[in-house]
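Trainee: One structure coming up, written as structure tokens, with questions to follow.
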Amino acid sequence: MSAVTTTTTSTAAPVVAGAPAKARRRRRGLAPGRRLPATRLIGPLLLLALWAAASAAGRLDANAIPAPWTVVETGARLWTDGTLPDDILTSLQRAASGFAIGLTAGVALALASGLSRVGEALIDGTVNLNRAIPTLGLIPLFILWLGIGETFKIAIIAIVVYIPIYLNTHAALSGIDSRFVELAEVQGLSRWAFVRQIVVPGALPGFFVGLRLGVTGSWLGLVVLEQINATSGLGYMMFQAQNYGQSDVILVGLVVYGVFGLVSDSTVRLIERRVLSWRRTLSN
């Protein structure tokens, strides 16, 4: 009997010991791999290279799509004469003002709706109704209410920003596991401790998704709003260039918008990785 037991144990041991190692190897193979530096620049640089190659080969109409070097020369000229710096500063001020208001409103409404049934009844349906209405379609009404100056532009940008921040933060709050709430009640946590230790960490992933969408939305709204009764800004510069058929100036404005959008999105992603460094995900 002892010999049989010994034989059975010795043959079974290698199988048990080897199975986790194979499983670990399979899990490592499914992961996307180690993060490479500056990989997000590969796509834009490849697009720029294709644009330059097509322009050099004469495949693009220079009047419709100027060559990259022509756009760079135009941008340098606009920067030297002071036009581009003033327009960039004006656009940044508008975008920052609308973004700050939208960020504050989105977070406050999400917390009020996500942490209270009364707040959810009063807020969630209204926000989703607002989401169903095209924001840019509100421009004529906001002009009647707020005038045709800067105020209505900032208000529209704030609406474009707060909706994705609210939706994603509220969804993250609603998705917090109820077992964490029960654990907090068992531990006797106060309301503030519950919000600080459970609600905020649980809602941060969704909040950062909404923040990225809000940052992008502020630039998308700005390019339209600056073509309505504006005397400065990147959108105004592009609108004037359209009237005079200056496609190189239009491309300068689009490039600046693209750079601002890429930089702001990358900044938010960097902050997200630092703040959520405790998470074990495929991205890190």
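Chain labels follow the order of the structure tokens: the first chain is A, the next B, and so on; residue numbering restarts at 1 in every chain, and ligands are counted from 1 in their shown order.
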May I have the residues within 12 Å of Ala53 in chain A as an NGL selection string, using only C-alpha atoms and disregarding those fewer than 6 positions away in the same chain?
Mentor: :A and (46-47 or 59-60 or 67-69)
Trainee: Okay, now the selection with all heavy atoms, as a CSV table (one decimal), in the first residue's frame?
Mentor:
```csv
chain,number,residue,atom,x,y,z
A,46,LEU,N,3.8,59.4,-39.6
A,46,LEU,CA,3.6,58.6,-40.9
A,46,LEU,C,2.7,59.4,-41.8
A,46,LEU,O,2.9,59.4,-43.0
A,46,LEU,CB,3.0,57.2,-40.5
A,46,LEU,CG,2.7,56.3,-41.7
A,46,LEU,CD1,3.9,56.0,-42.5
A,46,LEU,CD2,2.0,55.0,-41.3
A,47,LEU,N,1.6,60.0,-41.3
A,47,LEU,CA,0.7,60.8,-42.1
A,47,LEU,C,1.4,62.0,-42.7
A,47,LEU,O,1.2,62.3,-43.9
A,47,LEU,CB,-0.5,61.3,-41.2
A,47,LEU,CG,-1.5,62.1,-41.9
A,47,LEU,CD1,-2.2,61.3,-43.0
A,47,LEU,CD2,-2.6,62.6,-40.9
A,59,ARG,N,1.4,64.7,-56.7
A,59,ARG,CA,0.1,64.0,-56.7
A,59,ARG,C,-1.0,64.9,-56.0
A,59,ARG,O,-2.2,64.5,-56.2
A,59,ARG,CB,0.2,62.7,-55.9
A,59,ARG,CG,1.2,61.7,-56.5
A,59,ARG,CD,0.7,61.2,-57.8
A,59,ARG,NE,1.6,60.2,-58.3
A,59,ARG,CZ,1.4,59.6,-59.5
A,59,ARG,NH1,0.2,59.8,-60.2
A,59,ARG,NH2,2.2,58.7,-60.0
A,60,LEU,N,-0.7,66.0,-55.4
A,60,LEU,CA,-1.7,66.8,-54.7
A,60,LEU,C,-1.8,68.2,-55.4
A,60,LEU,O,-0.7,68.7,-55.8
A,60,LEU,CB,-1.3,67.0,-53.2
A,60,LEU,CG,-1.3,65.7,-52.4
A,60,LEU,CD1,-0.9,66.0,-50.9
A,60,LEU,CD2,-2.7,65.0,-52.4
A,67,ALA,N,1.8,71.9,-49.8
A,67,ALA,CA,2.9,71.0,-49.3
A,67,ALA,C,3.2,71.4,-47.8
A,67,ALA,O,2.9,72.5,-47.4
A,67,ALA,CB,4.1,71.1,-50.1
A,68,PRO,N,3.7,70.4,-47.0
A,68,PRO,CA,4.0,70.7,-45.6
A,68,PRO,C,4.9,71.9,-45.5
A,68,PRO,O,4.7,72.7,-44.5
A,68,PRO,CB,4.6,69.4,-45.1
A,68,PRO,CG,4.0,68.4,-46.0
A,68,PRO,CD,3.9,69.0,-47.4
A,69,TRP,N,5.9,72.0,-46.3
A,69,TRP,CA,6.9,73.1,-46.2
A,69,TRP,C,6.2,74.4,-46.4
A,69,TRP,O,6.6,75.4,-45.8
A,69,TRP,CB,8.1,72.8,-47.1
A,69,TRP,CG,7.8,72.4,-48.4
A,69,TRP,CD1,7.5,73.1,-49.5
A,69,TRP,CD2,7.7,71.0,-48.8
A,69,TRP,NE1,7.3,72.3,-50.6
A,69,TRP,CE2,7.4,71.0,-50.2
A,69,TRP,CE3,7.8,69.8,-48.2
A,69,TRP,CZ2,7.2,69.8,-51.0
A,69,TRP,CZ3,7.6,68.6,-48.9
A,69,TRP,CH2,7.3,68.6,-50.3
```
Trainee: Can you tell me which residues surround Thr74 in chain A at a distance of at most 9 Å, considering only C-alpha atoms, apart from same-chain residues fewer than 3 positions away, and format the answer as a PyMOL selection string?
Mentor: chain A and resi 69-71+77-79+248-249+252
Trainee: So the first atom is CA of Asn63 in chain A and the second is CA of Met238 in chain A; what is the distance between them in Å, to one decimal place?
Mentor: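 The value is 15.5 Å.
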Trainee: Could you list, with a cut-off of 12 Å and counting only C-alpha atoms, the residues of range 28-129 of chain A near range 154-178 of chain A, each shown with its nearest atom pair and the distance in Å rounded to one decimal, rows sorted by chain and ascending number, as a tab-separated table?
Mentor:
```
residue	atom	partner	partner_atom	distance
A:Thr90	CA	A:Ile154	CA	12.0
A:Ser91	CA	A:Ile154	CA	10.7
A:Leu92	CA	A:Ile154	CA	11.4
A:Gln93	CA	A:Ile154	CA	9.5
A:Arg94	CA	A:Ile154	CA	6.1
A:Ala95	CA	A:Ile157	CA	7.0
A:Ala96	CA	A:Ile154	CA	8.9
A:Ser97	CA	A:Ile154	CA	6.4
A:Gly98	CA	A:Ala158	CA	4.4
A:Phe99	CA	A:Ala158	CA	5.6
A:Ala100	CA	A:Ala158	CA	7.6
A:Ile101	CA	A:Ala158	CA	5.6
A:Gly102	CA	A:Ala158	CA	4.1
A:Leu103	CA	A:Tyr162	CA	5.7
A:Thr104	CA	A:Tyr162	CA	7.8
A:Ala105	CA	A:Tyr162	CA	6.1
A:Gly106	CA	A:Tyr162	CA	4.4
A:Val107	CA	A:Tyr166	CA	6.1
A:Ala108	CA	A:Tyr166	CA	8.3
A:Leu109	CA	A:Tyr166	CA	6.7
A:Ala110	CA	A:His170	CA	4.9
A:Leu111	CA	A:His170	CA	7.2
A:Ala112	CA	A:His170	CA	9.2
A:Ser113	CA	A:His170	CA	7.2
A:Gly114	CA	A:His170	CA	5.5
A:Leu115	CA	A:Leu173	CA	7.7
A:Ser116	CA	A:Ser174	CA	10.7
A:Arg117	CA	A:Ser174	CA	11.1
A:Gly119	CA	A:His170	CA	11.5
A:Glu120	CA	A:His170	CA	9.4
A:Ile123	CA	A:Tyr166	CA	10.3
A:Asp124	CA	A:His170	CA	8.8
A:Gly125	CA	A:Leu167	CA	11.2
A:Thr126	CA	A:Ile163	CA	10.9
A:Val127	CA	A:Ile163	CA	7.2
A:Asn128	CA	A:Ile163	CA	8.4
A:Leu129	CA	A:Ile163	CA	10.6
```
Trainee: Only C-alpha atoms, please: the residues just picked out, written as an mmCIF file, in the first residue's frame.
Mentor:
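What ended up in selection.cif:
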```cif
data_model
loop_
_atom_site.group_PDB
_atom_site.id
_atom_site.type_symbol
_atom_site.label_atom_id
_atom_site.label_comp_id
_atom_site.auth_asym_id
_atom_site.auth_seq_id
_atom_site.Cartn_x
_atom_site.Cartn_y
_atom_site.Cartn_z
ATOM 1 C CA THR A 90 -7.483 84.234 -27.624
ATOM 2 C CA SER A 91 -8.497 80.665 -28.464
ATOM 3 C CA LEU A 92 -6.723 79.290 -25.393
ATOM 4 C CA GLN A 93 -8.525 81.758 -23.135
ATOM 5 C CA ARG A 94 -11.923 80.829 -24.560
ATOM 6 C CA ALA A 95 -11.250 77.101 -24.371
ATOM 7 C CA ALA A 96 -9.854 77.301 -20.833
ATOM 8 C CA SER A 97 -12.792 79.354 -19.519
ATOM 9 C CA GLY A 98 -15.417 77.048 -21.028
ATOM 10 C CA PHE A 99 -13.516 73.933 -19.965
ATOM 11 C CA ALA A 100 -13.180 75.077 -16.347
ATOM 12 C CA ILE A 101 -16.918 75.790 -16.086
ATOM 13 C CA GLY A 102 -17.862 72.527 -17.797
ATOM 14 C CA LEU A 103 -15.481 70.479 -15.635
ATOM 15 C CA THR A 104 -16.855 71.955 -12.416
ATOM 16 C CA ALA A 105 -20.475 71.505 -13.480
ATOM 17 C CA GLY A 106 -19.942 67.949 -14.764
ATOM 18 C CA VAL A 107 -18.241 66.715 -11.582
ATOM 19 C CA ALA A 108 -20.697 68.456 -9.239
ATOM 20 C CA LEU A 109 -23.763 67.144 -11.065
ATOM 21 C CA ALA A 110 -22.317 63.619 -11.297
ATOM 22 C CA LEU A 111 -21.626 63.509 -7.555
ATOM 23 C CA ALA A 112 -25.073 64.874 -6.698
ATOM 24 C CA SER A 113 -26.758 62.392 -9.047
ATOM 25 C CA GLY A 114 -24.563 59.392 -8.299
ATOM 26 C CA LEU A 115 -24.683 59.628 -4.511
ATOM 27 C CA SER A 116 -28.358 60.477 -4.034
ATOM 28 C CA ARG A 117 -31.552 58.973 -5.416
ATOM 29 C CA GLY A 119 -30.339 63.965 -7.086
ATOM 30 C CA GLU A 120 -30.474 61.248 -9.731
ATOM 31 C CA ILE A 123 -30.498 65.625 -12.645
ATOM 32 C CA ASP A 124 -29.914 62.482 -14.702
ATOM 33 C CA GLY A 125 -32.949 62.756 -16.962
ATOM 34 C CA THR A 126 -32.316 66.460 -17.572
ATOM 35 C CA VAL A 127 -28.689 65.877 -18.550
ATOM 36 C CA ASN A 128 -29.609 63.048 -20.901
ATOM 37 C CA LEU A 129 -32.253 65.275 -22.485
#
```
Trainee: Considering only C-alpha atoms, return as a list in words whatever protein or nucleic-acid residues lie within 12 Å of Val263 in chain A, sequence-local ones (same chain, fewer than 6 positions apart) excluded.
Mentor: Arg40, Leu41, Arg212, Val215, Thr216, Trp219, Val256, Tyr257, Arg269 and Leu270 of chain A
Trainee: Pick the closest to Ile65 in chain A from A:Ser247, A:Lys153, A:Leu254, A:Thr267: which is it, counting only C-alpha atoms?
Mentor: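 Of A:Ser247, A:Lys153, A:Leu254, A:Thr267, the one nearest Ile65 in chain A, counting only C-alpha atoms, is A:Ser247.
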Trainee: Write out as a PyMOL selection string which residues come within 7 Å of Leu234 in chain A when counting only C-alpha atoms, dropping same-chain ones fewer than 5 positions away.
Mentor: chain A and resi 87-88+91+253
Trainee: With only C-alpha atoms as the counted atoms, please give the residues lying no more than 10 Å from Val255 in chain A, apart from itself and same-chain residues fewer than 5 positions off, as a list in words.
Mentor: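 Surrounding residues, per the criterion: Val71, Val72, Gly75, Val249, Ile250, Phe260 and Gly261 of chain A.
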